[in-house]
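Engineer: protein_21.txt (compact mmCIF, C-alpha atoms and all ligand atoms) pasted underneath:
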```txt
# COMPACT_ATOMS: atom_id res chain seq x y z
CA MET A 200 30.65 -35.55 -9.42
CA ILE A 201 31.60 -37.96 -12.15
CA ALA A 202 29.30 -40.79 -13.19
CA PHE A 203 29.21 -43.09 -16.23
CA SER A 204 27.27 -43.52 -19.43
CA GLY A 205 24.49 -46.08 -19.01
CA GLY A 206 24.58 -45.80 -15.21
CA PHE A 207 21.38 -45.62 -13.17
CA HIS A 208 21.38 -44.18 -9.70
CA GLY A 209 17.80 -43.24 -8.82
CA ARG A 210 14.93 -40.82 -9.17
CA THR A 211 15.73 -37.98 -6.82
CA LEU A 212 17.12 -34.82 -8.42
CA MET A 213 20.78 -35.55 -7.76
CA THR A 214 20.57 -39.22 -8.61
CA MET A 215 18.68 -38.42 -11.82
CA ALA A 216 21.52 -36.07 -12.70
CA LEU A 217 24.04 -38.85 -12.01
CA THR A 218 22.08 -41.30 -14.17
CA GLY A 219 23.57 -41.79 -17.63
CA LYS A 220 20.47 -43.12 -19.38
CA VAL A 221 17.88 -40.66 -20.71
CA MET A 222 14.89 -42.95 -21.26
CA PRO A 223 12.90 -43.47 -19.13
CA TYR A 224 14.74 -41.67 -16.35
CA LYS A 225 15.65 -38.17 -17.51
CA ARG A 226 13.38 -37.18 -20.41
CA GLY A 227 11.00 -34.42 -19.41
CA PHE A 228 12.69 -33.88 -16.06
CA GLY A 229 15.25 -31.30 -15.10
CA PRO A 230 16.97 -28.95 -15.04
CA PHE A 231 19.48 -31.08 -13.19
CA PRO A 232 22.17 -29.93 -10.76
CA ALA A 233 25.27 -28.57 -12.45
CA GLU A 234 28.76 -30.01 -12.25
CA VAL A 235 27.82 -33.64 -12.88
CA TYR A 236 29.96 -35.13 -15.64
CA HIS A 237 29.61 -38.43 -17.46
CA ALA A 238 32.51 -40.52 -18.66
CA GLU A 239 32.36 -43.58 -20.88
CA PHE A 240 31.65 -46.91 -19.13
CA PRO A 241 33.89 -49.65 -20.55
CA GLN A 242 31.94 -52.08 -22.71
CA PRO A 243 34.16 -54.70 -24.34
CA TYR A 244 31.28 -56.08 -26.48
CA ARG A 245 30.80 -52.64 -28.02
CA GLY A 246 34.51 -52.05 -28.41
CA VAL A 247 35.03 -49.70 -25.45
CA THR A 248 38.13 -51.02 -23.71
CA THR A 249 39.45 -50.10 -20.26
CA GLU A 250 42.09 -47.93 -21.95
CA GLN A 251 39.48 -46.03 -23.96
CA ALA A 252 37.28 -45.49 -20.91
CA LEU A 253 40.27 -44.21 -18.95
CA SER A 254 41.22 -41.88 -21.76
CA ASP A 255 37.64 -40.55 -21.77
CA LEU A 256 38.04 -39.76 -18.08
CA ASP A 257 41.29 -38.03 -18.95
CA ARG A 258 39.40 -36.00 -21.55
CA LEU A 259 37.06 -34.79 -18.79
CA PHE A 260 39.99 -33.90 -16.56
CA HIS A 261 41.57 -31.83 -19.33
CA GLY A 262 38.49 -30.33 -20.94
CA ASP A 263 35.80 -29.99 -18.30
CA ILE A 264 36.79 -30.42 -14.69
CA ASP A 265 39.99 -30.26 -12.69
CA PRO A 266 40.32 -33.64 -10.90
CA LYS A 267 41.21 -31.73 -7.72
CA SER A 268 37.69 -30.25 -7.81
CA VAL A 269 35.93 -33.61 -8.15
CA ALA A 270 34.12 -34.65 -4.96
CA ALA A 271 33.26 -38.21 -5.97
CA ILE A 272 33.21 -40.78 -8.73
CA ILE A 273 30.17 -43.05 -8.61
CA ILE A 274 30.01 -46.35 -10.44
CA GLU A 275 27.91 -49.50 -10.56
CA PRO A 276 30.56 -52.25 -10.67
CA VAL A 277 27.94 -54.19 -12.65
CA GLN A 278 25.52 -51.84 -14.39
CA GLY A 279 21.91 -52.86 -13.84
CA GLU A 280 19.52 -50.75 -15.91
CA GLY A 281 22.35 -49.92 -18.32
CA GLY A 282 22.54 -53.51 -19.57
CA PHE A 283 24.39 -55.71 -17.07
CA ASN A 284 27.75 -54.39 -18.19
CA VAL A 285 30.48 -55.66 -15.90
CA ALA A 286 33.18 -53.07 -15.22
CA PRO A 287 36.53 -54.71 -16.04
CA PHE A 288 38.44 -55.23 -12.81
CA ASP A 289 41.48 -53.33 -14.09
CA PHE A 290 39.19 -50.35 -14.72
CA LEU A 291 37.96 -50.39 -11.11
CA HIS A 292 41.57 -50.61 -9.90
CA ALA A 293 42.49 -47.65 -12.08
CA LEU A 294 39.54 -45.64 -10.69
CA ARG A 295 40.73 -46.39 -7.16
CA GLY A 296 44.19 -45.11 -8.10
CA ILE A 297 42.78 -41.92 -9.66
CA CYS A 298 40.61 -41.29 -6.58
CA ASP A 299 43.57 -41.80 -4.25
CA GLU A 300 45.76 -39.53 -6.34
CA HIS A 301 43.31 -36.62 -6.36
CA GLY A 302 41.46 -37.05 -3.05
CA ILE A 303 38.23 -38.15 -4.75
CA VAL A 304 35.65 -40.29 -2.93
CA LEU A 305 34.92 -43.57 -4.76
CA ILE A 306 31.27 -44.61 -4.46
CA ALA A 307 30.18 -48.12 -5.41
CA ASP A 308 26.46 -48.20 -6.17
CA GLU A 309 25.58 -51.74 -5.13
CA VAL A 310 21.81 -51.24 -5.13
CA GLN A 311 21.30 -53.84 -7.86
CA GLY A 312 24.52 -55.86 -7.79
CA GLY A 313 25.02 -56.06 -4.03
CA ILE A 314 23.80 -58.36 -1.23
CA ALA A 315 25.11 -61.68 -2.58
CA ARG A 316 23.59 -61.26 -6.06
CA THR A 317 26.89 -61.67 -7.93
CA GLY A 318 28.33 -64.39 -5.71
CA LYS A 319 29.94 -62.04 -3.21
CA MET A 320 28.26 -59.71 -0.73
CA PHE A 321 29.23 -56.76 -2.95
CA SER A 322 30.02 -56.97 -6.63
CA ILE A 323 33.08 -54.73 -6.30
CA GLN A 324 34.70 -57.40 -4.08
CA HIS A 325 35.32 -59.48 -7.22
CA ALA A 326 37.81 -56.81 -8.28
CA GLY A 327 39.42 -56.59 -4.85
CA VAL A 328 38.81 -52.84 -4.80
CA VAL A 329 37.67 -51.08 -1.62
CA PRO A 330 35.34 -48.11 -2.23
CA ASP A 331 34.87 -45.23 0.22
CA ILE A 332 31.07 -45.38 0.16
CA VAL A 333 28.68 -48.20 -0.70
CA THR A 334 24.97 -47.86 -1.46
CA MET A 335 22.59 -50.77 -0.94
CA ALA A 336 18.88 -51.55 -1.33
CA LYS A 337 16.78 -54.14 -3.20
CA GLY A 338 17.98 -57.53 -1.87
CA LEU A 339 18.84 -56.01 1.49
CA GLY A 340 15.23 -55.79 2.62
CA GLY A 341 14.16 -59.14 1.16
CA GLY A 342 11.18 -57.45 -0.48
CA LEU A 343 10.50 -54.86 2.21
CA PRO A 344 11.44 -51.26 1.38
CA LEU A 345 14.90 -50.50 2.68
CA SER A 346 18.00 -48.78 1.41
CA ALA A 347 21.27 -48.08 3.14
CA VAL A 348 24.52 -46.27 2.72
CA THR A 349 27.74 -46.94 4.54
CA GLY A 350 31.31 -45.86 4.21
CA ARG A 351 34.40 -44.56 5.88
CA ALA A 352 33.68 -43.11 9.32
CA THR A 353 35.27 -39.79 8.36
CA ILE A 354 32.64 -39.39 5.66
CA MET A 355 29.66 -40.99 7.39
CA ASP A 356 30.21 -39.06 10.62
CA ALA A 357 30.70 -35.73 8.86
CA ALA A 358 26.99 -34.88 9.10
CA HIS A 359 25.87 -33.79 12.55
CA PRO A 360 23.30 -35.97 14.39
CA GLY A 361 19.87 -35.25 12.93
CA GLY A 362 21.40 -33.65 9.85
CA LEU A 363 20.26 -36.49 7.61
CA GLY A 364 16.90 -38.18 7.84
CA GLY A 365 13.51 -38.79 6.33
CA THR A 366 10.01 -39.96 7.15
CA TYR A 367 10.70 -43.55 6.10
CA GLY A 368 14.34 -43.85 7.12
CA GLY A 369 15.20 -46.59 9.59
CA ASN A 370 11.88 -48.41 9.31
CA PRO A 371 12.09 -51.01 12.12
CA ILE A 372 10.17 -53.76 10.31
CA SER A 373 12.34 -53.41 7.20
CA ILE A 374 15.45 -53.47 9.37
CA ALA A 375 14.25 -56.65 11.08
CA ALA A 376 13.75 -58.13 7.61
CA ALA A 377 17.29 -57.09 6.62
CA HIS A 378 18.70 -58.85 9.69
CA ALA A 379 16.84 -62.00 8.66
CA VAL A 380 18.09 -61.65 5.08
CA LEU A 381 21.70 -61.31 6.21
CA ASP A 382 21.31 -64.36 8.49
CA VAL A 383 19.87 -66.45 5.65
CA ILE A 384 22.63 -65.35 3.24
CA GLU A 385 25.11 -66.70 5.75
CA SER A 386 23.32 -69.85 6.92
CA GLU A 387 22.21 -70.94 3.42
CA GLU A 388 25.52 -69.89 1.86
CA LEU A 389 23.74 -67.79 -0.73
CA CYS A 390 26.92 -66.29 -2.15
CA ALA A 391 27.99 -69.75 -3.29
CA ARG A 392 24.43 -70.48 -4.37
CA ALA A 393 24.36 -67.28 -6.47
CA ALA A 394 27.48 -68.45 -8.29
CA ARG A 395 25.85 -71.83 -9.04
CA VAL A 396 22.55 -70.27 -10.16
CA GLY A 397 24.52 -67.89 -12.40
CA GLN A 398 26.55 -70.75 -13.87
CA LYS A 399 23.36 -72.63 -14.79
CA MET A 400 21.80 -69.56 -16.39
CA ARG A 401 24.95 -68.71 -18.25
CA SER A 402 25.63 -72.18 -19.65
CA ARG A 403 22.04 -72.46 -20.87
CA LEU A 404 22.22 -69.01 -22.49
CA GLU A 405 25.57 -69.79 -24.08
CA ALA A 406 24.08 -72.96 -25.58
CA LEU A 407 21.14 -70.93 -26.90
CA ALA A 408 23.53 -68.32 -28.32
CA LYS A 409 25.29 -71.03 -30.37
CA GLN A 410 21.98 -71.79 -32.06
CA LEU A 411 20.69 -68.23 -32.28
CA PRO A 412 23.22 -65.78 -33.73
CA CYS A 413 20.85 -62.95 -32.73
CA ILE A 414 22.08 -63.48 -29.16
CA GLY A 415 25.11 -61.27 -29.59
CA ASP A 416 26.46 -61.43 -26.07
CA VAL A 417 25.90 -63.30 -22.82
CA ARG A 418 27.37 -61.53 -19.82
CA GLY A 419 27.10 -60.85 -16.14
CA LEU A 420 28.55 -61.81 -12.81
CA GLY A 421 27.17 -64.53 -10.52
CA ALA A 422 23.37 -64.66 -10.62
CA MET A 423 23.18 -61.33 -12.47
CA VAL A 424 23.14 -62.59 -16.04
CA ALA A 425 21.84 -61.07 -19.26
CA PHE A 426 21.88 -61.56 -22.99
CA GLU A 427 21.85 -58.96 -25.71
CA LEU A 428 19.71 -59.32 -28.85
CA VAL A 429 21.09 -57.86 -32.08
CA LYS A 430 19.79 -57.74 -35.65
CA ASP A 431 23.08 -58.93 -37.04
CA PRO A 432 25.99 -60.31 -35.00
CA LYS A 433 28.46 -58.48 -37.28
CA THR A 434 26.95 -54.99 -37.09
CA LYS A 435 25.69 -55.59 -33.52
CA GLU A 436 22.71 -53.35 -34.26
CA PRO A 437 20.45 -53.55 -31.18
CA ASP A 438 17.13 -55.34 -31.71
CA ALA A 439 14.68 -53.74 -29.30
CA GLU A 440 11.62 -55.00 -31.20
CA THR A 441 12.49 -58.67 -30.92
CA THR A 442 13.51 -58.12 -27.30
CA ALA A 443 10.00 -56.77 -26.59
CA ALA A 444 8.55 -59.77 -28.44
CA VAL A 445 10.58 -62.22 -26.33
CA LEU A 446 9.29 -60.54 -23.16
CA ALA A 447 5.69 -60.67 -24.42
CA HIS A 448 5.91 -64.35 -25.39
CA ALA A 449 7.56 -65.19 -22.07
CA GLU A 450 4.78 -63.44 -20.18
CA LYS A 451 2.14 -65.41 -22.12
CA ARG A 452 3.92 -68.56 -21.04
CA GLY A 453 3.98 -67.43 -17.42
CA LEU A 454 7.55 -66.16 -17.17
CA ILE A 455 8.14 -62.54 -16.20
CA LEU A 456 11.29 -61.04 -17.72
CA LEU A 457 12.69 -57.51 -17.64
CA SER A 458 14.69 -55.84 -20.35
CA CYS A 459 17.46 -53.32 -19.77
CA GLY A 460 20.23 -51.56 -21.69
CA THR A 461 20.30 -48.07 -23.18
CA ALA A 462 18.87 -49.53 -26.42
CA ALA A 463 16.31 -51.76 -24.59
CA ASN A 464 17.74 -54.88 -26.26
CA VAL A 465 19.11 -56.72 -23.25
CA VAL A 466 17.14 -59.35 -21.34
CA ARG A 467 18.22 -59.68 -17.72
CA LEU A 468 17.79 -62.68 -15.48
CA LEU A 469 17.59 -61.96 -11.77
CA ALA A 470 16.19 -65.18 -10.31
CA PRO A 471 15.86 -65.31 -6.52
CA LEU A 472 19.05 -66.68 -4.99
CA THR A 473 16.91 -69.24 -3.14
CA ILE A 474 15.25 -70.52 -6.34
CA PRO A 475 14.95 -74.34 -6.33
CA ASP A 476 16.89 -75.97 -9.18
CA ALA A 477 13.72 -77.41 -10.72
CA VAL A 478 12.07 -73.97 -10.87
CA LEU A 479 15.17 -72.44 -12.42
CA GLU A 480 15.17 -75.20 -15.02
CA GLU A 481 11.49 -74.58 -15.72
CA GLY A 482 12.15 -70.85 -16.14
CA LEU A 483 15.02 -71.45 -18.55
CA ASN A 484 12.83 -73.84 -20.58
CA LEU A 485 10.15 -71.15 -20.79
CA LEU A 486 12.77 -68.64 -21.87
CA ALA A 487 14.01 -70.95 -24.63
CA ALA A 488 10.39 -71.43 -25.76
CA ALA A 489 9.79 -67.66 -25.76
CA LEU A 490 12.87 -67.19 -27.95
CA GLN A 491 11.48 -69.84 -30.30
CA ASP A 492 8.15 -68.01 -30.38
CA ALA A 493 9.83 -64.70 -31.17
CA TYR A 494 12.18 -65.97 -33.86
CA GLY A 495 9.94 -68.58 -35.44
CA ARG A 496 10.22 -72.30 -34.94
CA GLU A 497 11.75 -73.02 -38.35
CA SER A 498 14.97 -71.11 -37.78
CA THR A 499 15.32 -72.22 -34.19
CA ARG A 500 14.12 -75.82 -34.27
CA ALA A 501 17.33 -76.94 -32.62
CA VAL A 502 16.67 -74.71 -29.61
CA ALA A 503 15.63 -76.71 -26.59
C1 LIG A 601 22.12 -49.37 -9.36
C2 LIG A 601 20.94 -48.66 -8.82
N1 LIG A 601 21.12 -47.56 -8.08
C3 LIG A 601 20.09 -46.89 -7.54
C4 LIG A 601 18.80 -47.31 -7.75
C5 LIG A 601 17.69 -46.51 -7.16
O1 LIG A 601 17.40 -47.01 -5.95
P1 LIG A 601 16.19 -46.40 -5.11
O2 LIG A 601 14.96 -46.68 -5.92
O3 LIG A 601 16.25 -47.16 -3.83
O4 LIG A 601 16.45 -44.95 -4.96
C6 LIG A 601 18.54 -48.46 -8.50
C7 LIG A 601 17.17 -48.95 -8.71
O5 LIG A 601 16.88 -49.73 -9.58
C8 LIG A 601 19.64 -49.14 -9.06
O6 LIG A 601 19.46 -50.24 -9.80
```
Could I get this structure in the form of structure tokens?
Ligand SMILES: Cc1ncc(COP(=O)(O)O)c(C=O)c1O

Structural biologist:
Amino acid sequence: MIAFSGGFHGRTLMTMALTGKVMPYKRGFGPFPAEVYHAEFPQPYRGVTTEQALSDLDRLFHGDIDPKSVAAIIIEPVQGEGGFNVAPFDFLHALRGICDEHGIVLIADEVQGGIARTGKMFSIQHAGVVPDIVTMAKGLGGGLPLSAVTGRATIMDAAHPGGLGGTYGGNPISIAAAHAVLDVIESEELCARAARVGQKMRSRLEALAKQLPCIGDVRGLGAMVAFELVKDPKTKEPDAETTAAVLAHAEKRGLILLSCGTAANVVRLLAPLTIPDAVLEEGLNLLAAALQDAYGRESTRAVA
């Protein structure tokens, strides 16, 4: 299996092995299954271009694993825990080509970016790339515990009936919730709504970034938006301390935020897709105030 740096895929043994972020997911656990390789995830802000990421994959194919022996490549089209890094679309196309060339299964992990979050049902649809397997969870159950995997029939039907299962699999109440969620996504046009919510978040963050050079990058797709805090916009040194301070000030003001990123210096915004405009506005005002608290009013008096 090939996965990517900064990726997060879960807490079972195999998915921990696939995860490309040590803290808090891998430290103290293991040993992990063998034959899981990690390639570089493209990150334009940090200077990792599509070409460099592809050449890193090539390095694996020459130094570590014959591509003909690779079962699958798994990728989050928009990394969640890794810092809301959006895989460039040309990179996803190139992965599809590599998988087709060598008979490798392409898995899109849509657990965080799927189910309308990015403005399409699945984030990989933005790139126009069709994966062989898709994983889903989070938004799918509308708050009830549910995850799902689907894919090409040749793969999904390979296991014999009863060969896959678990105590909590197929929970009927969660599945009823998922049906309701899918209906609401359609009837309330939540894909379009996600794009609008994301646009609002992004334009407010971009305005804040003009006043606060410590906001080194604003990125995301649809209503999956984040900003990265750095000590100096030139060196781009991650600022985890101030990020923690922003979260603490926001919490005091009644706004719950989550950080992410391998250096814990990215603040992610994952507002509900159904959030009323006024509540979104209120949240963004609280965020601006929390940034003021963390950086001191003097240097950020223009922030509003
Ligand atoms: C992209 C991604 N994949 C997988 C997982 C793990 O999902 P689960 O907890 O349902 O195993 C998560 C959870 O945050 C995730 O964000």

Engineer: Atom CA of Gly415 of chain A and atom CA of Pro432 of chain A, how far apart in Å?

Structural biologist: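 Answer for the atom CA of Pro432 of chain A to atom CA of Gly415 of chain A separation: 5.6 Å.
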
Engineer: Kindly assemble as a Markdown table a list of the segment 351-430 of chain A residues that lie within 9 Å of segment 459-468 of chain A, each paired with its nearest atom pair and their distance in Å to one decimal, using all atoms listed in the file, sorted first by chain and then by ascending residue number.

Structural biologist:
```
| residue | atom | partner | partner_atom | distance |
| --- | --- | --- | --- | --- |
| A:Met400 | CA | A:Leu468 | CA | 8.0 |
| A:Ala422 | CA | A:Leu468 | CA | 7.7 |
| A:Met423 | CA | A:Leu468 | CA | 6.3 |
| A:Val424 | CA | A:Leu468 | CA | 5.4 |
| A:Ala425 | CA | A:Arg467 | CA | 4.2 |
| A:Phe426 | CA | A:Val466 | CA | 5.5 |
| A:Glu427 | CA | A:Val465 | CA | 4.3 |
| A:Leu428 | CA | A:Asn464 | CA | 5.5 |
| A:Val429 | CA | A:Asn464 | CA | 7.3 |
```

Engineer: Using all atoms listed in the file, pick whichever of A:Leu407, A:Leu389, A:Val247, A:Leu457 has the shortest atom-to-atom distance to ligand LIG 601 (chain A).

Structural biologist: A:Leu457

Engineer: Figure out the distance between atom CA of Met200 of chain A and atom CA of Arg351 of chain A, please, to one decimal in Å.

Structural biologist: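 Atom CA of Arg351 of chain A sits 18.1 Å away from atom CA of Met200 of chain A.
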
Engineer: Just want the residues within 8 Å of ligand LIG 601 (chain A), written as a list in words, counting all atoms listed in the file.

Structural biologist: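 Every residue with an atom at most 8 Å from ligand LIG 601 (chain A) is listed here: Gly206, Phe207, His208, Gly209, Arg210, Thr211, Thr214, Glu275, Gln278, Gly279, Glu280, Asp308, Glu309, Val310, Gln311, Gly312, Thr334, Met335, Ala336, Lys337, Leu345 and Ser346 of chain A.
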
Engineer: So that I can check the surroundings of Ile323 of chain A, please list as a list in words every protein, DNA and RNA residue that reaches within 9 Å of it, counting only C-alpha atoms and ignoring chain neighbours fewer than 5 positions away.

Structural biologist: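 Here the qualifying residues turn out to be Glu275, Pro276, Val277, Phe288, Leu291, Ala307, Glu309, Gly312, Gly313, Val328, Val329 and Pro330 of chain A.
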
Engineer: Would you save the residues from that selection as a compact mmCIF listing (two decimals), keeping the file's coordinate frame, using C-alpha atoms?

Structural biologist:
```
# COMPACT_ATOMS: atom_id res chain seq x y z
CA GLU A 275 27.91 -49.50 -10.56
CA PRO A 276 30.56 -52.25 -10.67
CA VAL A 277 27.94 -54.19 -12.65
CA PHE A 288 38.44 -55.23 -12.81
CA LEU A 291 37.96 -50.39 -11.11
CA ALA A 307 30.18 -48.12 -5.41
CA GLU A 309 25.58 -51.74 -5.13
CA GLY A 312 24.52 -55.86 -7.79
CA GLY A 313 25.02 -56.06 -4.03
CA VAL A 328 38.81 -52.84 -4.80
CA VAL A 329 37.67 -51.08 -1.62
CA PRO A 330 35.34 -48.11 -2.23
```

Engineer: Would you list the contacts of Asp265 of chain A as a PyMOL selection string, taking every protein, DNA or RNA residue within 10 Å and counting all atoms listed in the file, but skipping same-chain residues closer than 5 positions in sequence?

Structural biologist: chain A and resi 259-260+301

Engineer: Using all atoms listed in the file, which of the listed residues (A:Leu253, A:Val396, A:Ala391, A:Ala358) sits closest to His292 of chain A?

Structural biologist: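 Counting all atoms listed in the file, the residue closest to His292 of chain A is A:Leu253.
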
Engineer: Choose the residue, out of A:Leu363, A:Thr442, A:Gly318, A:Ser373, that has the smallest atom-to-atom separation from Cys390 of chain A; count all atoms listed in the file.

Structural biologist: A:Gly318

Engineer: Segment 352-363 of chain A, all listed atoms, 4 Å padding on each side: what axis-aligned box centre and edge lengths in Å to one decimal come out, as lines of an AutoDock Vina configuration file?

Structural biologist:
```
center_x = 27.6
center_y = -38.4
center_z = 10.0
size_x = 23.4
size_y = 17.5
size_z = 16.7
```

Engineer: With all atoms listed in the file as the atoms that count, which of A:Arg452, A:Lys433, A:His261, A:Arg392 lies nearest to Lys319 of chain A?

Structural biologist: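 Smallest separation from Lys319 of chain A among the options: A:Arg392.
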
Engineer: Grab the atom CA of Glu387 of chain A to atom CA of Thr349 of chain A distance for me, in Å with one decimal place.

Structural biologist: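 If I compute the distance from atom CA of Glu387 of chain A to atom CA of Thr349 of chain A, I get 24.7 Å.
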
Engineer: Using all atoms listed in the file for the distances, tell me which of A:Ser254, A:Thr317, A:Thr434, A:Gln491 is nearest to Leu446 of chain A.

Structural biologist: A:Gln491

Engineer: Return the single residue from A:Thr441, A:His448, A:Arg403, A:Pro412 that is closest to Glu480 of chain A, with distances computed using all atoms listed in the file.

Structural biologist: A:Arg403
